[in-house]
Structure formats: structure tokens, C-alpha cells
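Raw start.txt, compact mmCIF, C-alpha atoms and all ligand atoms:
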```txt
# COMPACT_ATOMS: atom_id res chain seq x y z
CA MET A 602 10.14 81.69 -44.60
CA PRO A 603 10.00 82.76 -48.28
CA THR A 604 10.69 80.03 -50.83
CA LEU A 605 11.68 79.93 -54.49
CA ARG A 606 9.66 76.76 -54.95
CA PRO A 607 6.05 76.97 -56.11
CA VAL A 608 3.67 76.54 -53.16
CA ALA A 609 0.54 74.39 -52.94
CA LEU A 610 -2.14 74.37 -50.26
CA VAL A 611 -3.97 71.02 -50.16
CA THR A 612 -6.99 70.93 -47.87
CA GLY A 613 -7.84 67.70 -46.08
CA SER A 614 -4.34 66.37 -46.72
CA THR A 615 -3.94 64.08 -43.70
CA SER A 616 -5.90 61.20 -45.23
CA GLY A 617 -6.89 59.41 -48.40
CA ILE A 618 -6.88 61.44 -51.61
CA GLY A 619 -5.53 64.65 -50.04
CA ALA A 620 -2.48 62.93 -48.54
CA ALA A 621 -1.70 61.33 -51.91
CA ILE A 622 -2.02 64.72 -53.66
CA ALA A 623 0.31 66.31 -51.10
CA ARG A 624 2.92 63.56 -51.57
CA ARG A 625 2.70 63.83 -55.34
CA LEU A 626 3.08 67.63 -55.43
CA SER A 627 5.92 67.44 -52.92
CA ASN A 628 7.71 64.96 -55.22
CA GLU A 629 7.18 67.41 -58.08
CA GLY A 630 9.02 70.18 -56.22
CA PHE A 631 6.23 72.08 -54.48
CA ALA A 632 6.53 73.47 -50.97
CA LEU A 633 3.36 72.37 -49.19
CA VAL A 634 0.76 73.64 -46.79
CA LEU A 635 -0.97 70.59 -45.32
CA HIS A 636 -4.29 70.94 -43.56
CA SER A 637 -7.06 69.06 -41.79
CA ARG A 638 -9.88 69.54 -39.30
CA SER A 639 -8.74 67.45 -36.33
CA SER A 640 -5.95 65.00 -37.27
CA VAL A 641 -3.19 67.32 -36.04
CA ALA A 642 -0.55 64.71 -35.17
CA VAL A 643 -0.91 63.03 -38.57
CA GLY A 644 -0.56 66.38 -40.34
CA GLN A 645 2.52 67.36 -38.37
CA ALA A 646 4.15 63.96 -38.99
CA LEU A 647 3.47 64.17 -42.73
CA ALA A 648 4.89 67.71 -42.84
CA ALA A 649 8.07 66.51 -41.10
CA GLU A 650 8.33 63.54 -43.48
CA LEU A 651 7.90 65.59 -46.68
CA GLY A 652 10.17 68.50 -45.72
CA ASP A 653 9.41 72.01 -47.06
CA ALA A 654 5.91 71.47 -45.68
CA ILE A 655 3.92 72.99 -42.83
CA TYR A 656 0.65 71.86 -41.29
CA VAL A 657 -2.30 74.09 -40.34
CA GLN A 658 -5.39 72.91 -38.46
CA ALA A 659 -8.66 74.59 -39.48
CA ASP A 660 -12.33 73.60 -39.50
CA LEU A 661 -13.58 74.56 -42.96
CA ALA A 662 -17.16 74.64 -41.70
CA ASN A 663 -16.39 77.99 -40.09
CA GLU A 664 -15.31 81.25 -41.71
CA PRO A 665 -12.75 82.52 -39.15
CA ASP A 666 -10.86 79.21 -39.54
CA ARG A 667 -10.92 79.54 -43.36
CA GLU A 668 -9.49 83.06 -43.08
CA ARG A 669 -6.77 81.92 -40.66
CA LEU A 670 -5.86 78.96 -42.89
CA VAL A 671 -5.23 81.15 -45.93
CA GLN A 672 -3.41 83.80 -43.88
CA GLU A 673 -1.11 81.21 -42.27
CA ALA A 674 -0.52 79.47 -45.61
CA ILE A 675 0.59 82.68 -47.30
CA ALA A 676 2.59 83.84 -44.27
CA ALA A 677 4.46 80.52 -44.12
CA TRP A 678 5.99 80.60 -47.59
CA GLY A 679 5.34 84.13 -48.86
CA ARG A 680 3.46 82.96 -51.96
CA LEU A 681 0.69 80.63 -53.16
CA ASP A 682 0.65 79.06 -56.63
CA VAL A 683 -1.81 76.17 -56.31
CA LEU A 684 -4.91 75.62 -54.18
CA VAL A 685 -6.36 72.10 -54.07
CA ASN A 686 -9.83 72.10 -52.52
CA ASN A 687 -9.88 68.45 -51.51
CA ALA A 688 -11.44 68.39 -48.03
CA GLY A 689 -15.02 67.22 -48.17
CA ILE A 690 -17.59 65.32 -46.16
CA SER A 691 -20.15 62.74 -47.12
CA GLN A 692 -23.18 61.14 -45.57
CA VAL A 693 -24.73 57.88 -46.71
CA ILE A 694 -28.52 58.20 -47.05
CA ALA A 695 -30.67 56.04 -49.35
CA HIS A 696 -31.88 58.32 -52.14
CA ALA A 697 -35.51 57.25 -51.62
CA ASP A 698 -35.39 58.11 -47.91
CA LEU A 699 -36.27 61.78 -48.29
CA ALA A 700 -37.05 62.25 -44.58
CA ALA A 701 -33.50 61.32 -43.60
CA ALA A 702 -32.02 64.06 -45.79
CA THR A 703 -32.85 66.75 -43.24
CA PRO A 704 -32.12 70.47 -43.57
CA ALA A 705 -29.24 69.97 -41.11
CA VAL A 706 -27.64 67.40 -43.44
CA TRP A 707 -28.11 69.69 -46.47
CA HIS A 708 -26.59 72.67 -44.65
CA ALA A 709 -23.61 70.73 -43.22
CA LEU A 710 -22.62 69.19 -46.57
CA HIS A 711 -23.16 72.45 -48.47
CA GLU A 712 -21.04 74.43 -46.02
CA VAL A 713 -17.96 72.17 -46.29
CA ASN A 714 -18.29 70.94 -49.89
CA VAL A 715 -19.45 74.16 -51.60
CA VAL A 716 -19.16 77.31 -49.48
CA ALA A 717 -15.70 76.47 -48.11
CA PRO A 718 -14.01 75.88 -51.51
CA PHE A 719 -15.52 79.10 -52.85
CA ARG A 720 -14.39 81.09 -49.82
CA LEU A 721 -10.86 79.66 -49.97
CA VAL A 722 -10.57 80.73 -53.60
CA ALA A 723 -11.88 84.19 -52.71
CA LEU A 724 -9.49 84.52 -49.76
CA ALA A 725 -6.51 83.27 -51.79
CA GLU A 726 -7.32 85.17 -55.00
CA SER A 727 -4.84 88.02 -54.57
CA ALA A 728 -1.98 85.68 -53.61
CA LEU A 729 -2.76 83.38 -56.55
CA ARG A 730 -2.84 86.36 -58.95
CA ALA A 731 0.48 87.56 -57.56
CA ALA A 732 2.04 84.14 -58.25
CA ALA A 733 0.78 84.02 -61.85
CA GLN A 734 3.22 84.71 -64.69
CA PRO A 735 2.51 85.12 -68.41
CA GLY A 736 1.89 81.65 -69.84
CA HIS A 737 2.09 80.16 -66.35
CA PRO A 738 -1.16 80.93 -64.50
CA ALA A 739 -1.87 80.05 -60.89
CA CYS A 740 -4.20 77.13 -60.43
CA VAL A 741 -7.14 75.83 -58.40
CA VAL A 742 -8.17 72.17 -58.48
CA ASN A 743 -11.44 71.17 -56.84
CA ILE A 744 -12.05 67.54 -55.88
CA SER A 745 -15.68 66.90 -56.71
CA SER A 746 -17.21 63.51 -57.55
CA HIS A 747 -18.71 61.49 -60.37
CA ALA A 748 -21.84 61.78 -58.19
CA GLY A 749 -21.89 65.44 -59.16
CA VAL A 750 -22.13 64.47 -62.84
CA ARG A 751 -24.24 61.30 -62.81
CA PRO A 752 -27.41 60.83 -60.69
CA LYS A 753 -25.62 58.59 -58.15
CA GLY A 754 -23.66 58.88 -54.93
CA ALA A 755 -23.79 58.40 -51.17
CA SER A 756 -26.83 60.66 -50.79
CA ILE A 757 -28.78 63.29 -52.72
CA PRO A 758 -27.40 66.17 -50.59
CA TYR A 759 -23.84 64.91 -51.21
CA ALA A 760 -24.34 64.50 -54.97
CA ALA A 761 -26.01 67.91 -55.22
CA SER A 762 -23.14 69.53 -53.31
CA LYS A 763 -20.62 68.06 -55.77
CA ALA A 764 -22.74 69.15 -58.77
CA ALA A 765 -22.66 72.66 -57.31
CA LEU A 766 -18.87 72.41 -56.96
CA ASN A 767 -18.57 71.37 -60.62
CA HIS A 768 -20.67 74.31 -61.79
CA MET A 769 -18.76 76.68 -59.51
CA THR A 770 -15.55 75.37 -61.09
CA ARG A 771 -16.71 76.48 -64.54
CA LEU A 772 -18.04 79.83 -63.30
CA LEU A 773 -14.77 80.61 -61.50
CA ALA A 774 -12.71 79.51 -64.51
CA LEU A 775 -14.49 82.19 -66.53
CA SER A 776 -14.22 84.86 -63.86
CA LEU A 777 -10.57 84.35 -62.91
CA ALA A 778 -8.92 83.77 -66.31
CA PRO A 779 -6.28 84.32 -67.49
CA ASP A 780 -4.38 84.67 -64.19
CA ILE A 781 -5.95 81.69 -62.41
CA ARG A 782 -7.05 78.39 -63.96
CA VAL A 783 -9.83 76.48 -62.20
CA ASN A 784 -10.47 72.78 -62.87
CA ALA A 785 -11.96 69.81 -61.05
CA VAL A 786 -11.29 66.11 -60.76
CA ALA A 787 -14.45 64.04 -60.34
CA PRO A 788 -13.44 60.66 -58.88
CA GLY A 789 -15.61 57.60 -58.84
CA LEU A 790 -14.97 55.18 -56.00
CA VAL A 791 -11.56 55.65 -54.37
CA ASP A 792 -10.14 53.34 -51.69
CA THR A 793 -9.84 55.68 -48.67
CA PRO A 794 -10.97 55.63 -45.01
CA LEU A 795 -14.18 57.36 -46.17
CA THR A 796 -15.20 54.37 -48.31
CA ALA A 797 -13.69 51.51 -46.27
CA GLY A 798 -17.06 49.84 -45.60
CA TRP A 799 -18.71 50.53 -48.97
CA THR A 800 -18.76 46.88 -50.08
CA GLN A 801 -21.59 47.28 -52.61
CA ALA A 802 -19.78 50.09 -54.41
CA GLN A 803 -16.52 48.11 -54.37
CA GLN A 804 -18.33 45.17 -55.96
CA LEU A 805 -19.92 47.47 -58.57
CA TRP A 806 -16.53 48.86 -59.62
CA LYS A 807 -15.01 45.37 -59.87
CA GLU A 808 -17.88 44.04 -61.98
CA ARG A 809 -18.96 47.01 -64.12
CA ALA A 810 -16.14 49.52 -64.44
CA PRO A 811 -14.04 48.98 -67.57
CA MET A 812 -10.90 49.27 -65.42
CA GLN A 813 -12.36 46.62 -63.04
CA ARG A 814 -11.32 48.31 -59.81
CA ALA A 815 -11.81 51.33 -57.61
CA ALA A 816 -9.19 54.08 -57.87
CA ARG A 817 -6.24 54.29 -55.54
CA PRO A 818 -5.65 57.74 -54.03
CA GLU A 819 -2.48 57.91 -56.16
CA ASP A 820 -4.59 57.65 -59.35
CA ILE A 821 -6.47 60.80 -58.35
CA ALA A 822 -3.24 62.54 -57.34
CA GLN A 823 -1.88 61.84 -60.81
CA ALA A 824 -4.93 63.47 -62.41
CA VAL A 825 -4.49 66.51 -60.14
CA ALA A 826 -0.79 66.77 -61.03
CA MET A 827 -1.71 66.62 -64.72
CA LEU A 828 -4.17 69.51 -64.35
CA VAL A 829 -1.63 71.51 -62.33
CA ALA A 830 0.95 71.05 -65.09
CA SER A 831 -1.44 71.84 -67.97
CA HIS A 832 -1.12 75.60 -68.30
CA TYR A 833 -3.83 75.93 -70.98
CA LEU A 834 -6.61 73.86 -69.37
CA THR A 835 -9.36 75.66 -67.47
CA GLY A 836 -13.01 74.93 -66.63
CA GLU A 837 -12.58 71.18 -67.08
CA ILE A 838 -14.28 68.53 -64.96
CA LEU A 839 -12.03 65.50 -65.34
CA MET A 840 -13.91 62.28 -64.60
CA SER A 841 -11.67 59.68 -63.01
CA ASP A 842 -13.95 56.70 -62.44
CA GLY A 843 -12.26 53.89 -64.34
CA GLY A 844 -14.80 54.37 -67.13
CA LEU A 845 -17.88 53.40 -65.07
CA ASN A 846 -19.81 56.36 -66.51
CA LEU A 847 -19.58 54.74 -69.94
CA THR A 848 -21.62 51.72 -68.89
N1 LIG B 901 -13.14 58.35 -51.46
C1 LIG B 901 -13.96 58.40 -52.52
O1 LIG B 901 -14.42 57.37 -53.04
C2 LIG B 901 -14.31 59.73 -53.12
C3 LIG B 901 -15.01 59.73 -54.34
C4 LIG B 901 -15.34 60.95 -54.93
C5 LIG B 901 -14.98 62.12 -54.33
N2 LIG B 901 -14.31 62.09 -53.13
C6 LIG B 901 -13.97 63.38 -52.54
O2 LIG B 901 -12.56 63.43 -52.33
C7 LIG B 901 -12.26 64.26 -51.20
C8 LIG B 901 -11.36 63.49 -50.24
O3 LIG B 901 -12.02 62.27 -49.88
P1 LIG B 901 -11.29 61.12 -49.04
O4 LIG B 901 -12.02 59.86 -49.35
O5 LIG B 901 -9.81 61.19 -49.22
O6 LIG B 901 -11.71 61.58 -47.55
P2 LIG B 901 -11.11 61.23 -46.11
O7 LIG B 901 -10.15 60.08 -46.17
O8 LIG B 901 -12.30 61.13 -45.21
O9 LIG B 901 -10.27 62.57 -45.75
C9 LIG B 901 -10.96 63.78 -45.63
C10 LIG B 901 -9.97 64.88 -45.26
O10 LIG B 901 -10.72 66.12 -45.22
C11 LIG B 901 -10.61 66.69 -43.92
N3 LIG B 901 -11.86 67.36 -43.55
C12 LIG B 901 -13.11 66.83 -43.53
N4 LIG B 901 -13.98 67.75 -43.08
C13 LIG B 901 -13.28 68.87 -42.80
C14 LIG B 901 -13.60 70.14 -42.29
N5 LIG B 901 -14.84 70.48 -41.89
N6 LIG B 901 -12.61 71.05 -42.14
C15 LIG B 901 -11.35 70.73 -42.49
N7 LIG B 901 -10.97 69.54 -42.97
C16 LIG B 901 -11.92 68.61 -43.12
C17 LIG B 901 -10.28 65.53 -42.99
O11 LIG B 901 -9.67 65.99 -41.80
P3 LIG B 901 -9.85 65.16 -40.39
O12 LIG B 901 -9.52 63.73 -40.71
O13 LIG B 901 -8.89 65.80 -39.46
O14 LIG B 901 -11.29 65.33 -40.01
C18 LIG B 901 -9.35 64.70 -43.88
O15 LIG B 901 -8.05 65.24 -43.87
C19 LIG B 901 -13.62 64.67 -50.63
O16 LIG B 901 -13.96 65.95 -51.11
C20 LIG B 901 -14.57 63.63 -51.17
O17 LIG B 901 -15.90 64.09 -51.26
C21 LIG B 901 -13.96 60.93 -52.52
```

For the file at hand, write its structure as C-alpha cells.
Amino acid sequence: MPTLRPVALVTGSTSGIGAAIARRLSNEGFALVLHSRSSVAVGQALAAELGDAIYVQADLANEPDRERLVQEAIAAWGRLDVLVNNAGISQVIAHADLAAATPAVWHALHEVNVVAPFRLVALAESALRAAAQPGHPACVVNISSHAGVRPKGASIPYAASKAALNHMTRLLALSLAPDIRVNAVAPGLVDTPLTAGWTQAQQLWKERAPMQRAARPEDIAQAVAMLVASHYLTGEILMSDGGLNLT
């Protein structure tokens, strides 16, 4: 069903940060493609609630699902203006426990956090270019992490995967300009199901972050919306950690 609205695909949009980004872009007039790995009922309910939104299930750890996701997204609305690579996985492993960071952990995190975002951009490139207009490029926003900038985070494989995503963001920004802008938001701690039990990190943000709290998903959605609306910005990694990196 072709639409005159701009269209955004937000991966991992049934929960936490992704759901907040989807709500925000919907409020700003985008038609949405919502997506997740297994939370189908939640995705369908959110699509019904937002209106001008469809839901597609796809496991981003596997290539045929990535291809189907992009095909179904483009087929649904007939265009694609914005891709938000939000879906990601984490694993908590003490940084000094090298044995626990097995090759299987490295491969699993790399596949979803690095290979999948790259492949989605590659698969969506022609549709994004087609949506671009002079002075109004199409846009990719990757959700990385402050752990990809500072030597911190849930585990070394997680932090390294987000550092790779940040570098990929800059490389793609160079390769795809001027038709497609590519930026990243690098959140610090955000209150989502992923971090529900992370009491030490919650304490750290309350005590040390200049803003004295973790982010809400809506804070990150606001940063994403700002990057989407900023037609001149590309290759930026926008830290959104309440200033903790300054301390
Ligand atoms: N929360 C934080 O403090 C924080 C900080 C920095 C960066 N981030 C990053 O922000 C992003 C979102 O985090 P969040 O806390 O909102 O996570 P979340 O609440 O756990 O939600 C993750 C979303 O991604 C989907 N997903 C996970 N693996 C997938 C896969 N293999 N294929 C397809 N979809 C998949 C999930 O779908 P299902 O539920 O159906 O599995 C869900 O919709 C991630 O990239 C994360 O690394 C989070």
C-alpha cells in the first residue's frame, strides 16, 4: 500500500529503546515498519495502536530473514526513507574472565550487532537512494553504545561489537554520501528490560553521571529523531550517557 508519508524501518521495535523510537517517529508523521525476533504479538499490537504501521518478524542472526525483512518493508509501503538499526544483543561477562568470552559468544554478538546492521544497509541501499531528494537525504541511524567508545560495558565482546558499529557508521557515511546519511547514537545506561537487573550500573549513573540518572528510552528516541531531522549531519556518533563520559 504506497504512502505519501516518509517510511521508517526500526529493528527491535517491540521493546525498550526501539519501541520508544517507533512511537516517536510515528508521532512525527512516519509510516512504520516494526520488527523483532520473537515478540510477534507485541509487535502486532503496537502496529495496530500506532496506525500506518506494519510488523515483520525476522531473526537478524540469519541472512534469509534479513533479506525477507527488507523486501517486506519496501513492499509494504513502496518506499524507505529511514533505517534505524536498533536491535542488538548483549551478554554480561566480567572483563577479566577471558575464558568465559568464548568464540561462540564473540560470533553471536558480532553477527547481530555488526553484520546484521551492515547487511540491512546494503539490502536497503537502493530503496534509500530512491527516497533521497536534493537537500533531503535518506538516513540510517545505528544504536551503538558508550561501551563502544569508552573501555566499559557488559562484556568485552559486546563493547568491541559496538566499537565496530561506530567505525562502520563513519565508513558508511563516507561511502553513501550525499544520498544517504549515516549516524549513530551511543547510549549509556538506559532503563529497558535488557538492563532491569543491572543494579550496580544504575547506582553508578545515579552517583557519578552529571545528569544523575540512567536514560529513559524516550531520551534516546529524542536523539534519534534529532539525527533524522538534521539533513546536514553524517558520520556522527552522538553520546547520550547523561555526561558520564566526562567524569
Ligand atoms: N538498554 C541499555 O542500557 C543500552 C545501552 C546502550 C546501548 N543499547 C543498545 O540499544 C539497543 C536496544 O536495546 P534495548 O535495551 O532496548 O533492548 P531490549 O529491550 O532487549 O530489546 C531488544 C529488541 O531487539 C530485538 N532483537 C534482539 N535480538 C534480535 C535478533 N537476533 N533478531 C531480531 N531482533 C532481535 C528484540 O526482539 P525480541 O524481544 O522479539 O527477541 C527486541 O525487540 C541494542 O542495540 C542495545 O545494544 C542499550

Applying 7 Å and all atoms listed in the file, which residues near region 829-835 of chain A remain after dropping the ones on its own chain fewer than 2 positions away? List them as a ChimeraX atom specification. /A:736-738,740,774,782-784,825-827,837

Return as a PDB file with C-alpha atoms, in the coordinates of the input every polymer residue, whether protein, DNA or RNA, with at least one atom no more than 7 Å from an atom of ligand LIG 901 (chain B); count all atoms listed in the file.
```
ATOM      1  CA  THR A 612      -6.990  70.930 -47.870  1.00  0.00           C
ATOM      2  CA  GLY A 613      -7.840  67.700 -46.080  1.00  0.00           C
ATOM      3  CA  SER A 614      -4.340  66.370 -46.720  1.00  0.00           C
ATOM      4  CA  THR A 615      -3.940  64.080 -43.700  1.00  0.00           C
ATOM      5  CA  SER A 616      -5.900  61.200 -45.230  1.00  0.00           C
ATOM      6  CA  GLY A 617      -6.890  59.410 -48.400  1.00  0.00           C
ATOM      7  CA  ILE A 618      -6.880  61.440 -51.610  1.00  0.00           C
ATOM      8  CA  GLY A 619      -5.530  64.650 -50.040  1.00  0.00           C
ATOM      9  CA  HIS A 636      -4.290  70.940 -43.560  1.00  0.00           C
ATOM     10  CA  SER A 637      -7.060  69.060 -41.790  1.00  0.00           C
ATOM     11  CA  ARG A 638      -9.880  69.540 -39.300  1.00  0.00           C
ATOM     12  CA  SER A 639      -8.740  67.450 -36.330  1.00  0.00           C
ATOM     13  CA  SER A 640      -5.950  65.000 -37.270  1.00  0.00           C
ATOM     14  CA  VAL A 641      -3.190  67.320 -36.040  1.00  0.00           C
ATOM     15  CA  ALA A 659      -8.660  74.590 -39.480  1.00  0.00           C
ATOM     16  CA  ASP A 660     -12.330  73.600 -39.500  1.00  0.00           C
ATOM     17  CA  LEU A 661     -13.580  74.560 -42.960  1.00  0.00           C
ATOM     18  CA  ALA A 662     -17.160  74.640 -41.700  1.00  0.00           C
ATOM     19  CA  ASN A 687      -9.880  68.450 -51.510  1.00  0.00           C
ATOM     20  CA  ALA A 688     -11.440  68.390 -48.030  1.00  0.00           C
ATOM     21  CA  GLY A 689     -15.020  67.220 -48.170  1.00  0.00           C
ATOM     22  CA  ILE A 690     -17.590  65.320 -46.160  1.00  0.00           C
ATOM     23  CA  SER A 691     -20.150  62.740 -47.120  1.00  0.00           C
ATOM     24  CA  VAL A 713     -17.960  72.170 -46.290  1.00  0.00           C
ATOM     25  CA  ASN A 714     -18.290  70.940 -49.890  1.00  0.00           C
ATOM     26  CA  ILE A 744     -12.050  67.540 -55.880  1.00  0.00           C
ATOM     27  CA  SER A 745     -15.680  66.900 -56.710  1.00  0.00           C
ATOM     28  CA  SER A 746     -17.210  63.510 -57.550  1.00  0.00           C
ATOM     29  CA  HIS A 747     -18.710  61.490 -60.370  1.00  0.00           C
ATOM     30  CA  ALA A 787     -14.450  64.040 -60.340  1.00  0.00           C
ATOM     31  CA  PRO A 788     -13.440  60.660 -58.880  1.00  0.00           C
ATOM     32  CA  GLY A 789     -15.610  57.600 -58.840  1.00  0.00           C
ATOM     33  CA  LEU A 790     -14.970  55.180 -56.000  1.00  0.00           C
ATOM     34  CA  VAL A 791     -11.560  55.650 -54.370  1.00  0.00           C
ATOM     35  CA  ASP A 792     -10.140  53.340 -51.690  1.00  0.00           C
ATOM     36  CA  THR A 793      -9.840  55.680 -48.670  1.00  0.00           C
ATOM     37  CA  PRO A 794     -10.970  55.630 -45.010  1.00  0.00           C
ATOM     38  CA  LEU A 795     -14.180  57.360 -46.170  1.00  0.00           C
ATOM     39  CA  THR A 796     -15.200  54.370 -48.310  1.00  0.00           C
TER      40      THR A 796
END
```

Residue with the minimum atom-to-atom distance to Asn846 (chain A), picked from A:Lys763, A:Arg720, A:His696, A:Arg751 with all atoms listed in the file counted, is A:Arg751

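Taking CA of Gly836 (chain A) and CA of Ile781 (chain A) as the two end points, the separation is 10.6 Å.
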
Rounded to one decimal in Å, what is the spacing between CA of His708 (chain A) and CA of Ile838 (chain A)?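 Going from CA of His708 (chain A) over to CA of Ile838 (chain A), I get 24.1 Å.
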
Point-to-point distance in Å for CA of Glu819 (chain A) and CA of Ala632 (chain A):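 CA of Ala632 (chain A) sits 18.7 Å away from CA of Glu819 (chain A).
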
Which residue out of A:Val750, A:Ala761, A:Met769, A:Leu633 has the minimum interatomic distance to Val685 (chain A) when only C-alpha atoms are used?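 Closest to Val685 (chain A) of all the choices is A:Leu633.
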
For Ser756 (chain A), which residue among A:Ala646, A:Ala705, A:Leu684, A:Leu710 is the nearest when counting all atoms listed in the file?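 Result for the nearest residue to Ser756 (chain A): A:Leu710.
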
For a cut-off of 9 Å around (9.3, 71.1, -55.4), file coordinates, pick out all residues using all atoms listed in the file and list them as a count of residues only. 12

Between A:Ile694, A:Leu681, A:Leu670, A:Leu699, which residue has the minimum interatomic distance to Leu605 (chain A), considering all atoms listed in the file? A:Leu681

Between A:Val786, A:Leu721, A:Val671, A:Ile821, which is the closest to Arg624 (chain A) once you count only C-alpha atoms? A:Ile821

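Among the candidates A:Ala697, A:Leu845, A:Leu828, A:Ala785, the one nearest to Arg814 (chain A) when counting only C-alpha atoms is A:Leu845.
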
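Look at Val693 (chain A): the protein and nucleic acid residues within 10 Å of it, using all atoms listed in the file and passing over chain neighbours fewer than 5 places away, are Ala701, Ala702, Gly754, Ala755, Ser756, Ile757, Pro758, Tyr759 and Trp799 of chain A.
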
At a cut-off of 10 Å, using all atoms listed in the file, what residues contact Met812 (chain A)? Leave out same-chain residues fewer than 6 positions from it and give the result as JSON, numbers by chain. {"A": [806, 842, 843, 844, 845]}

Skipping near chain neighbours, those fewer than 4 positions away, what residues fall within 8 Å of Asp780 (chain A) using all atoms listed in the file, listed as an mmCIF file with C-alpha atoms, keeping the file's coordinate frame?
```
data_model
loop_
_atom_site.group_PDB
_atom_site.id
_atom_site.type_symbol
_atom_site.label_atom_id
_atom_site.label_comp_id
_atom_site.auth_asym_id
_atom_site.auth_seq_id
_atom_site.Cartn_x
_atom_site.Cartn_y
_atom_site.Cartn_z
ATOM 1 C CA LEU A 729 -2.760 83.380 -56.550
ATOM 2 C CA ARG A 730 -2.840 86.360 -58.950
ATOM 3 C CA ALA A 733 0.780 84.020 -61.850
ATOM 4 C CA GLN A 734 3.220 84.710 -64.690
ATOM 5 C CA PRO A 738 -1.160 80.930 -64.500
ATOM 6 C CA ALA A 739 -1.870 80.050 -60.890
#
```

Axis-aligned box for region 706-720 of chain A, 5 Å per side, centre and edges in Å as JSON:
```
{"center_x": -21.1, "center_y": 74.2, "center_z": -48.0, "size_x": 24.1, "size_y": 23.7, "size_z": 19.6}
```

Output requested as a short mmCIF file (atom, residue, chain, number, x, y, z; two decimals), in the frame of the given file - region 651-673 of chain A, filled out with N, CA and C atoms.
```cif
data_model
loop_
_atom_site.label_atom_id
_atom_site.label_comp_id
_atom_site.auth_asym_id
_atom_site.auth_seq_id
_atom_site.Cartn_x
_atom_site.Cartn_y
_atom_site.Cartn_z
N LEU A 651 7.74 65.05 -45.32
CA LEU A 651 7.90 65.59 -46.68
C LEU A 651 9.02 66.62 -46.75
N GLY A 652 9.22 67.39 -45.66
CA GLY A 652 10.17 68.50 -45.72
C GLY A 652 9.59 69.61 -46.59
N ASP A 653 10.02 70.87 -46.36
CA ASP A 653 9.41 72.01 -47.06
C ASP A 653 7.89 71.90 -47.02
N ALA A 654 7.36 71.58 -45.85
CA ALA A 654 5.91 71.47 -45.68
C ALA A 654 5.55 71.92 -44.27
N ILE A 655 4.44 72.66 -44.16
CA ILE A 655 3.92 72.99 -42.83
C ILE A 655 2.50 72.45 -42.74
N TYR A 656 2.02 72.34 -41.52
CA TYR A 656 0.65 71.86 -41.29
C TYR A 656 -0.15 72.94 -40.58
N VAL A 657 -1.39 73.15 -41.00
CA VAL A 657 -2.30 74.09 -40.34
C VAL A 657 -3.62 73.38 -40.06
N GLN A 658 -4.06 73.45 -38.81
CA GLN A 658 -5.39 72.91 -38.46
C GLN A 658 -6.43 73.99 -38.70
N ALA A 659 -7.57 73.63 -39.31
CA ALA A 659 -8.66 74.59 -39.48
C ALA A 659 -9.93 73.83 -39.82
N ASP A 660 -11.03 74.21 -39.18
CA ASP A 660 -12.33 73.60 -39.50
C ASP A 660 -12.98 74.42 -40.61
N LEU A 661 -13.09 73.82 -41.80
CA LEU A 661 -13.58 74.56 -42.96
C LEU A 661 -15.08 74.83 -42.89
N ALA A 662 -15.75 74.32 -41.87
CA ALA A 662 -17.16 74.64 -41.70
C ALA A 662 -17.32 76.04 -41.11
N ASN A 663 -16.22 76.64 -40.65
CA ASN A 663 -16.39 77.99 -40.09
C ASN A 663 -15.44 79.02 -40.70
N GLU A 664 -16.00 80.22 -40.93
CA GLU A 664 -15.31 81.25 -41.71
C GLU A 664 -14.03 81.77 -41.05
N PRO A 665 -14.02 82.04 -39.74
CA PRO A 665 -12.75 82.52 -39.15
C PRO A 665 -11.62 81.51 -39.37
N ASP A 666 -11.90 80.21 -39.30
CA ASP A 666 -10.86 79.21 -39.54
C ASP A 666 -10.39 79.25 -41.00
N ARG A 667 -11.32 79.45 -41.93
CA ARG A 667 -10.92 79.54 -43.36
C ARG A 667 -9.97 80.72 -43.55
N GLU A 668 -10.33 81.86 -42.93
CA GLU A 668 -9.49 83.06 -43.08
C GLU A 668 -8.10 82.81 -42.49
N ARG A 669 -8.06 82.19 -41.31
CA ARG A 669 -6.77 81.92 -40.66
C ARG A 669 -5.93 80.95 -41.49
N LEU A 670 -6.59 79.94 -42.07
CA LEU A 670 -5.86 78.96 -42.89
C LEU A 670 -5.14 79.66 -44.04
N VAL A 671 -5.86 80.50 -44.77
CA VAL A 671 -5.23 81.15 -45.93
C VAL A 671 -4.15 82.13 -45.48
N GLN A 672 -4.43 82.86 -44.40
CA GLN A 672 -3.41 83.80 -43.88
C GLN A 672 -2.14 83.05 -43.49
N GLU A 673 -2.29 81.95 -42.74
CA GLU A 673 -1.11 81.21 -42.27
C GLU A 673 -0.38 80.54 -43.44
#
```
